[in-house]
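K.L.:
Pasting model_34.cif below, which is mmCIF, C-alpha atoms and all ligand atoms.
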data_run
#
loop_
_atom_site.label_atom_id
_atom_site.label_comp_id
_atom_site.auth_asym_id
_atom_site.auth_seq_id
_atom_site.Cartn_x
_atom_site.Cartn_y
_atom_site.Cartn_z
CA MET O 1 0.00 0.00 0.00
CA SER O 2 1.41 3.42 -0.93
CA ASP O 3 1.18 6.37 1.44
CA SER O 4 -1.47 7.95 -0.80
CA ASP O 5 -3.79 4.96 -0.08
CA LEU O 6 -3.67 5.62 3.65
CA MET O 7 -6.71 7.26 5.19
CA ASP O 8 -6.29 9.83 7.89
CA PRO O 9 -7.76 9.09 11.31
CA PHE O 10 -10.84 11.22 11.97
CA GLY O 11 -13.44 12.02 14.59
CA ARG O 12 -17.18 12.57 14.32
CA ASP O 13 -19.69 14.01 16.79
CA ILE O 14 -22.75 11.94 17.54
CA ASP O 15 -25.71 13.39 19.42
CA LEU O 16 -26.42 10.65 21.97
CA GLU O 17 -30.02 11.75 22.37
CA ASN O 18 -31.22 12.07 18.76
CA GLY O 19 -28.55 9.99 16.98
CA ILE O 20 -27.57 12.66 14.46
CA ILE O 21 -23.99 12.28 13.24
CA GLU O 22 -22.44 15.59 12.24
CA GLY O 23 -20.06 15.79 9.32
CA ALA O 24 -19.69 13.95 6.05
CA SER O 25 -22.20 11.22 6.73
CA GLU O 26 -24.57 9.51 4.38
CA LYS O 27 -28.21 9.50 5.39
CA TRP O 28 -31.03 7.29 4.19
CA THR O 29 -34.67 6.95 5.10
CA ARG O 30 -37.44 4.37 4.97
CA TYR O 31 -41.14 5.05 4.70
CA LEU O 32 -44.08 2.72 5.28
CA SER O 33 -44.49 2.36 1.49
CA ASP O 34 -40.98 0.83 1.40
CA MET O 35 -42.05 -2.09 3.57
CA LYS O 36 -45.80 -2.40 3.22
CA ASN O 37 -45.74 -6.18 2.82
CA MET O 38 -43.77 -6.71 6.01
CA TYR O 39 -46.48 -5.90 8.56
CA GLN O 40 -49.05 -8.48 9.63
CA ASN O 41 -52.12 -6.33 9.13
CA ARG O 42 -52.20 -5.45 5.40
CA GLU O 43 -55.53 -3.66 5.77
CA ALA O 44 -54.06 -1.36 8.41
CA VAL O 45 -51.14 -0.65 6.07
CA GLU O 46 -53.48 0.34 3.23
CA GLU O 47 -55.60 2.46 5.55
CA ILE O 48 -52.58 4.46 6.71
CA LEU O 49 -51.19 4.80 3.17
CA ASP O 50 -54.54 6.14 1.97
CA SER O 51 -53.91 9.32 3.94
CA GLU O 52 -50.11 9.51 4.51
CA ASP O 53 -46.82 7.69 4.06
CA PRO O 54 -45.14 7.93 7.48
CA LEU O 55 -41.37 8.07 7.89
CA LEU O 56 -40.46 4.97 9.90
CA TYR O 57 -36.72 5.41 10.31
CA GLU O 58 -33.57 7.25 9.31
CA VAL O 59 -30.01 5.94 9.19
CA TYR O 60 -26.88 8.08 9.38
CA GLU O 61 -23.70 6.40 8.19
CA ILE O 62 -20.11 7.59 8.41
CA SER O 63 -18.63 7.26 4.93
CA VAL O 64 -15.66 4.93 4.74
CA PRO O 65 -14.77 2.59 1.86
CA LYS O 66 -16.96 -0.53 1.98
CA GLU O 67 -13.93 -2.81 2.08
CA SER O 68 -12.55 -5.62 4.20
CA GLY O 69 -10.57 -4.18 7.13
CA GLN O 70 -12.75 -1.05 7.39
CA LEU O 71 -15.47 -0.52 10.01
CA LEU O 72 -18.80 1.08 9.19
CA HIS O 73 -20.47 3.16 11.90
CA CYS O 74 -24.08 4.21 11.81
CA THR O 75 -26.97 5.40 13.90
CA THR O 76 -30.59 4.43 13.37
CA ILE O 77 -33.48 6.59 14.51
CA LEU O 78 -36.59 4.41 14.54
CA TYR O 79 -39.70 6.47 15.19
CA PRO O 80 -42.51 5.40 17.54
CA GLY O 81 -45.75 4.17 16.07
CA LYS O 82 -47.74 1.07 15.13
CA VAL O 83 -49.34 -0.53 12.11
CA GLY O 84 -52.44 -2.11 13.59
CA ASN O 85 -51.03 -3.41 16.88
CA GLU O 86 -47.54 -4.13 15.49
CA TYR O 87 -44.80 -1.68 16.42
CA TYR O 88 -42.72 0.17 13.82
CA MET O 89 -39.65 -1.86 12.93
CA THR O 90 -36.72 -1.92 10.52
CA LYS O 91 -36.79 -4.10 7.41
CA GLY O 92 -34.14 -6.41 8.79
CA HIS O 93 -31.45 -8.23 6.86
CA TYR O 94 -28.71 -10.81 6.73
CA HIS O 95 -25.29 -9.50 5.87
CA GLU O 96 -24.38 -10.41 2.30
CA ARG O 97 -21.18 -11.79 3.74
CA ARG O 98 -22.86 -14.08 6.26
CA ASP O 99 -19.69 -14.47 8.36
CA THR O 100 -19.71 -10.83 9.52
CA ALA O 101 -20.97 -9.68 12.92
CA GLU O 102 -22.40 -6.39 14.21
CA SER O 103 -22.75 -4.59 17.56
CA TYR O 104 -25.61 -2.27 18.46
CA LEU O 105 -25.50 0.13 21.42
CA CYS O 106 -28.81 1.67 22.45
CA LEU O 107 -28.49 5.45 22.91
CA SER O 108 -32.06 6.49 23.69
CA GLY O 109 -35.61 5.19 23.69
CA ARG O 110 -36.38 1.49 24.02
CA GLY O 111 -37.03 -1.48 21.85
CA TYR O 112 -36.08 -4.98 20.85
CA LEU O 113 -33.57 -6.70 18.64
CA LEU O 114 -35.10 -9.64 16.75
CA THR O 115 -32.69 -12.19 15.29
CA GLN O 116 -32.82 -15.38 13.27
CA THR O 117 -30.56 -17.91 11.58
CA GLU O 118 -31.18 -19.69 8.29
CA ASP O 119 -31.69 -23.00 10.11
CA GLY O 120 -34.53 -21.74 12.32
CA GLY O 121 -32.80 -20.15 15.33
CA SER O 122 -34.41 -17.01 16.71
CA ASP O 123 -34.24 -14.64 19.64
CA ALA O 124 -35.64 -11.34 20.95
CA LEU O 125 -33.39 -9.12 23.09
CA ARG O 126 -34.49 -5.98 24.91
CA MET O 127 -32.59 -2.78 24.20
CA VAL O 128 -32.49 0.19 26.60
CA PRO O 129 -30.03 3.11 26.79
CA GLY O 130 -26.51 1.93 27.59
CA ARG O 131 -27.23 -1.68 26.63
CA LEU O 132 -25.05 -3.29 23.97
CA VAL O 133 -26.31 -6.24 21.95
CA TYR O 134 -24.03 -8.40 19.86
CA ILE O 135 -25.18 -9.95 16.60
CA PRO O 136 -22.79 -12.80 15.80
CA PRO O 137 -22.01 -13.90 12.23
CA TYR O 138 -24.88 -15.71 10.40
CA TRP O 139 -27.71 -13.98 12.35
CA ALA O 140 -30.23 -11.79 10.55
CA HIS O 141 -31.32 -8.76 12.56
CA ARG O 142 -34.28 -6.38 12.85
CA THR O 143 -35.08 -3.75 15.50
CA VAL O 144 -38.49 -2.77 16.86
CA ASN O 145 -39.47 0.45 18.69
CA THR O 146 -41.70 -0.55 21.61
CA GLY O 147 -41.63 2.86 23.30
CA ASP O 148 -43.35 6.17 22.69
CA GLU O 149 -40.25 8.18 21.74
CA PRO O 150 -37.62 7.66 19.02
CA PHE O 151 -35.54 4.52 19.56
CA VAL O 152 -31.94 5.43 18.73
CA PHE O 153 -29.03 3.02 18.47
CA PHE O 154 -25.45 3.04 17.22
CA GLY O 155 -24.08 0.17 15.15
CA VAL O 156 -20.61 -0.96 14.05
CA TYR O 157 -19.96 -3.64 11.43
CA PRO O 158 -17.33 -4.70 8.88
CA GLY O 159 -16.93 -2.56 5.77
CA ASP O 160 -17.50 -5.44 3.35
CA ALA O 161 -20.53 -6.95 5.16
CA GLY O 162 -23.18 -5.78 2.65
CA HIS O 163 -26.95 -6.12 3.15
CA ASP O 164 -29.20 -8.93 1.95
CA TYR O 165 -32.89 -8.06 2.37
CA GLY O 166 -34.25 -10.65 -0.08
CA SER O 167 -35.18 -13.58 2.12
CA ILE O 168 -36.50 -11.38 4.94
CA GLU O 169 -38.82 -9.62 2.48
CA GLU O 170 -40.28 -13.03 1.66
CA ILE O 171 -40.40 -14.83 5.00
CA GLY O 172 -40.11 -12.18 7.73
CA PHE O 173 -38.85 -13.12 11.20
CA PRO O 174 -39.99 -16.03 13.41
CA LYS O 175 -41.09 -13.56 16.10
CA ILE O 176 -43.26 -10.46 15.95
CA ILE O 177 -43.75 -7.78 18.63
CA LEU O 178 -47.22 -6.48 19.33
CA GLU O 179 -49.09 -4.31 21.78
CA GLU O 180 -51.89 -6.24 23.46
CA ASP O 181 -54.04 -4.66 26.20
CA GLY O 182 -51.42 -1.93 26.66
CA GLU O 183 -48.60 -4.51 27.11
CA THR O 184 -45.69 -5.29 24.81
CA VAL O 185 -45.73 -8.97 23.88
CA VAL O 186 -43.39 -11.13 21.79
CA ARG O 187 -45.40 -13.61 19.72
CA LYS O 188 -44.69 -16.36 17.24
CA ASN O 189 -45.16 -15.06 13.69
CA PRO O 190 -48.15 -17.03 12.35
CA ASP O 191 -46.99 -16.45 8.73
CA TYR O 192 -43.44 -17.65 9.27
CA GLU O 193 -42.26 -20.85 7.63
CA VAL O 194 -38.63 -21.91 7.21
C1 LIG O 201 -28.06 -1.19 10.56
C2 LIG O 201 -29.36 -1.19 9.74
C3 LIG O 201 -30.34 -0.09 10.10
C4 LIG O 201 -31.63 -0.14 9.26
O1 LIG O 201 -27.30 -0.09 10.25
O2 LIG O 201 -29.01 -1.12 8.36
O3 LIG O 201 -30.70 -0.22 11.46
O4 LIG O 201 -32.16 -1.42 9.17
P1 LIG O 201 -32.36 -2.13 7.75
O5 LIG O 201 -31.04 -2.05 7.04
O6 LIG O 201 -32.73 -3.54 8.09
O7 LIG O 201 -33.42 -1.38 7.00
C5 LIG O 201 -27.34 -2.49 10.25
O8 LIG O 201 -27.70 -3.51 10.76
N1 LIG O 201 -26.36 -2.45 9.34
O9 LIG O 201 -25.71 -3.59 8.97
ZN ZN O 202 -26.59 -5.25 9.80
#
Represent the structure contained in this file as structure tokens.
Ligand code: PAN
Ligand code: ZN
P.N.:
Amino acid sequence: MSDSDLMDPFGRDIDLENGIIEGASEKWTRYLSDMKNMYQNREAVEEILDSEDPLLYEVYEISVPKESGQLLHCTTILYPGKVGNEYYMTKGHYHERRDTAESYLCLSGRGYLLTQTEDGGSDALRMVPGRLVYIPPYWAHRTVNTGDEPFVFFGVYPGDAGHDYGSIEEIGFPKIILEEDGETVVRKNPDYEV
């Protein structure tokens, strides 16, 4: 590697309350229309979309080359809300390179991490401010906002991990998180088949 290939070390400021990363970050957003087939209650989805297309979450990413050896850092701001009685959630994905892990640190709000493996493993872990959750290689991951304020978390993962949304778009996750009688409950996904 020549000297001109070397990156300079850098710092970035992250607002620990709202998750905004200052500086040369990339930002992307997802609306309900981007994941309308992922919620249980399709009628509720259509009803909401008839009048508005709510912003479900935003992701800020610090730009580094998406290469082996690099680390990607991002924050996700997942807004509060429900579709029917199912809480707002991220799409969820496997990493394209299945043997890459990820860590999430909850900064504010509260929620859950849902995980699954291709051979039927699954889990649901609570996330509250200051709690770190580790997603080992081979586990797909989705987050769910079960609170009434934005759920904000910081993530770090390998630069060459990539995102594979395909199978999750088709099969979802084994577990779903609902509000029932004012309580947050983790249920088996009735539509899920391996
Ligand atoms: C996170 C996620 C982010 C949004 O940065 O990409 O929370 O979720 P979806 O990508 O599932 O829409 C991450 O896990 N990166 O690998
Ligand atoms: Zn990931």
K.L.:
Give the residue list for ligand LIG 201 (chain O) at 10 Å, counting only C-alpha atoms and all ligand atoms, as an NGL selection string, sorted by chain and then by residue number.
P.N.:
:O and (28-30 or 34-35 or 56-61 or 72-78 or 89-96 or 100-104 or 135 or 140-144 or 152-159 or 161-165 or 168)
K.L.:
Write out, as an mmCIF file, in the frame of the given file, the residues just selected, with C-alpha atoms.
P.N.:
data_model
loop_
_atom_site.group_PDB
_atom_site.id
_atom_site.type_symbol
_atom_site.label_atom_id
_atom_site.label_comp_id
_atom_site.auth_asym_id
_atom_site.auth_seq_id
_atom_site.Cartn_x
_atom_site.Cartn_y
_atom_site.Cartn_z
ATOM 1 C CA TRP O 28 -31.030 7.290 4.190
ATOM 2 C CA THR O 29 -34.670 6.950 5.100
ATOM 3 C CA ARG O 30 -37.440 4.370 4.970
ATOM 4 C CA ASP O 34 -40.980 0.830 1.400
ATOM 5 C CA MET O 35 -42.050 -2.090 3.570
ATOM 6 C CA LEU O 56 -40.460 4.970 9.900
ATOM 7 C CA TYR O 57 -36.720 5.410 10.310
ATOM 8 C CA GLU O 58 -33.570 7.250 9.310
ATOM 9 C CA VAL O 59 -30.010 5.940 9.190
ATOM 10 C CA TYR O 60 -26.880 8.080 9.380
ATOM 11 C CA GLU O 61 -23.700 6.400 8.190
ATOM 12 C CA LEU O 72 -18.800 1.080 9.190
ATOM 13 C CA HIS O 73 -20.470 3.160 11.900
ATOM 14 C CA CYS O 74 -24.080 4.210 11.810
ATOM 15 C CA THR O 75 -26.970 5.400 13.900
ATOM 16 C CA THR O 76 -30.590 4.430 13.370
ATOM 17 C CA ILE O 77 -33.480 6.590 14.510
ATOM 18 C CA LEU O 78 -36.590 4.410 14.540
ATOM 19 C CA MET O 89 -39.650 -1.860 12.930
ATOM 20 C CA THR O 90 -36.720 -1.920 10.520
ATOM 21 C CA LYS O 91 -36.790 -4.100 7.410
ATOM 22 C CA GLY O 92 -34.140 -6.410 8.790
ATOM 23 C CA HIS O 93 -31.450 -8.230 6.860
ATOM 24 C CA TYR O 94 -28.710 -10.810 6.730
ATOM 25 C CA HIS O 95 -25.290 -9.500 5.870
ATOM 26 C CA GLU O 96 -24.380 -10.410 2.300
ATOM 27 C CA THR O 100 -19.710 -10.830 9.520
ATOM 28 C CA ALA O 101 -20.970 -9.680 12.920
ATOM 29 C CA GLU O 102 -22.400 -6.390 14.210
ATOM 30 C CA SER O 103 -22.750 -4.590 17.560
ATOM 31 C CA TYR O 104 -25.610 -2.270 18.460
ATOM 32 C CA ILE O 135 -25.180 -9.950 16.600
ATOM 33 C CA ALA O 140 -30.230 -11.790 10.550
ATOM 34 C CA HIS O 141 -31.320 -8.760 12.560
ATOM 35 C CA ARG O 142 -34.280 -6.380 12.850
ATOM 36 C CA THR O 143 -35.080 -3.750 15.500
ATOM 37 C CA VAL O 144 -38.490 -2.770 16.860
ATOM 38 C CA VAL O 152 -31.940 5.430 18.730
ATOM 39 C CA PHE O 153 -29.030 3.020 18.470
ATOM 40 C CA PHE O 154 -25.450 3.040 17.220
ATOM 41 C CA GLY O 155 -24.080 0.170 15.150
ATOM 42 C CA VAL O 156 -20.610 -0.960 14.050
ATOM 43 C CA TYR O 157 -19.960 -3.640 11.430
ATOM 44 C CA PRO O 158 -17.330 -4.700 8.880
ATOM 45 C CA GLY O 159 -16.930 -2.560 5.770
ATOM 46 C CA ALA O 161 -20.530 -6.950 5.160
ATOM 47 C CA GLY O 162 -23.180 -5.780 2.650
ATOM 48 C CA HIS O 163 -26.950 -6.120 3.150
ATOM 49 C CA ASP O 164 -29.200 -8.930 1.950
ATOM 50 C CA TYR O 165 -32.890 -8.060 2.370
ATOM 51 C CA ILE O 168 -36.500 -11.380 4.940
#
K.L.:
For stretch 169-190 of chain O against stretch 110-113 of chain O, with a cut-off of 12 Å and counting all atoms listed in the file, what is the closest atom pair and its distance in Å to one decimal for every residue that makes the cut, ordered by chain and number, as JSON lines?
P.N.:
{"residue": "O:Phe173", "atom": "CA", "partner": "O:Leu113", "partner_atom": "CA", "distance": 11.2}
{"residue": "O:Lys175", "atom": "CA", "partner": "O:Leu113", "partner_atom": "CA", "distance": 10.5}
{"residue": "O:Ile176", "atom": "CA", "partner": "O:Tyr112", "partner_atom": "CA", "distance": 10.3}
{"residue": "O:Ile177", "atom": "CA", "partner": "O:Tyr112", "partner_atom": "CA", "distance": 8.5}
{"residue": "O:Leu178", "atom": "CA", "partner": "O:Tyr112", "partner_atom": "CA", "distance": 11.3}
{"residue": "O:Thr184", "atom": "CA", "partner": "O:Gly111", "partner_atom": "CA", "distance": 9.9}
{"residue": "O:Val185", "atom": "CA", "partner": "O:Tyr112", "partner_atom": "CA", "distance": 10.9}
{"residue": "O:Val186", "atom": "CA", "partner": "O:Tyr112", "partner_atom": "CA", "distance": 9.6}
K.L.:
What gap, in Å, lies between atom CA of O:Leu114 and atom CA of O:Ala44?
P.N.:
22.3 Å
K.L.:
Fewer than 4 positions away in the same chain doesn't count, so skip those; otherwise give me all residues within 8 Å of O:Tyr88, counting only C-alpha atoms, as a ChimeraX atom specification.
P.N.:
/O:56,78-83,144-146
K.L.:
I'd like to know which of O:Ser25, O:Ser167, O:Ser63, O:Thr115 is closest to ligand ZN 202 (chain O), using all atoms listed in the file.
P.N.:
O:Thr115
K.L.:
Just want the 8 Å neighbourhood of O:Gly130, counted on all atoms listed in the file, with same-chain residues fewer than 6 positions away dropped. Output as a ChimeraX atom specification.
P.N.:
/O:105-107
K.L.:
How far is it from atom CA of O:Glu46 to atom CA of O:Tyr31, in Å with one decimal?
P.N.:
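Interatomic distance here is 13.3 Å.
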K.L.:
For ligand ZN 202 (chain O), which of O:Asp181, O:Asp13, O:Asp160, O:Asp123 is the closest residue, counting only C-alpha atoms and all ligand atoms?
P.N.:
O:Asp160
K.L.:
For O:Ile171, which of O:Leu16, O:Asn189, O:Lys27, O:Gly147 is the closest residue, counting all atoms listed in the file?
P.N.:
O:Asn189
K.L.:
Give me, please, the distance in Å between atom CA of O:Asp15 and atom CA of O:Leu32, quoted to one decimal.
P.N.:
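So the two atoms, atom CA of O:Asp15 and atom CA of O:Leu32, lie 25.5 Å apart.
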K.L.:
Nearest residue to O:Tyr87 out of O:Met38, O:Leu49, O:Leu6, O:Val64, using all atoms listed in the file?
P.N.:
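That would be O:Met38, the residue with the smallest distance to O:Tyr87.
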K.L.:
Counting only C-alpha atoms and all ligand atoms, which residue out of O:Tyr192, O:Trp139, O:Phe151, O:Phe10 sits closest to ligand ZN 202 (chain O)?
P.N.:
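Closest residue, counting only C-alpha atoms and all ligand atoms: O:Trp139.
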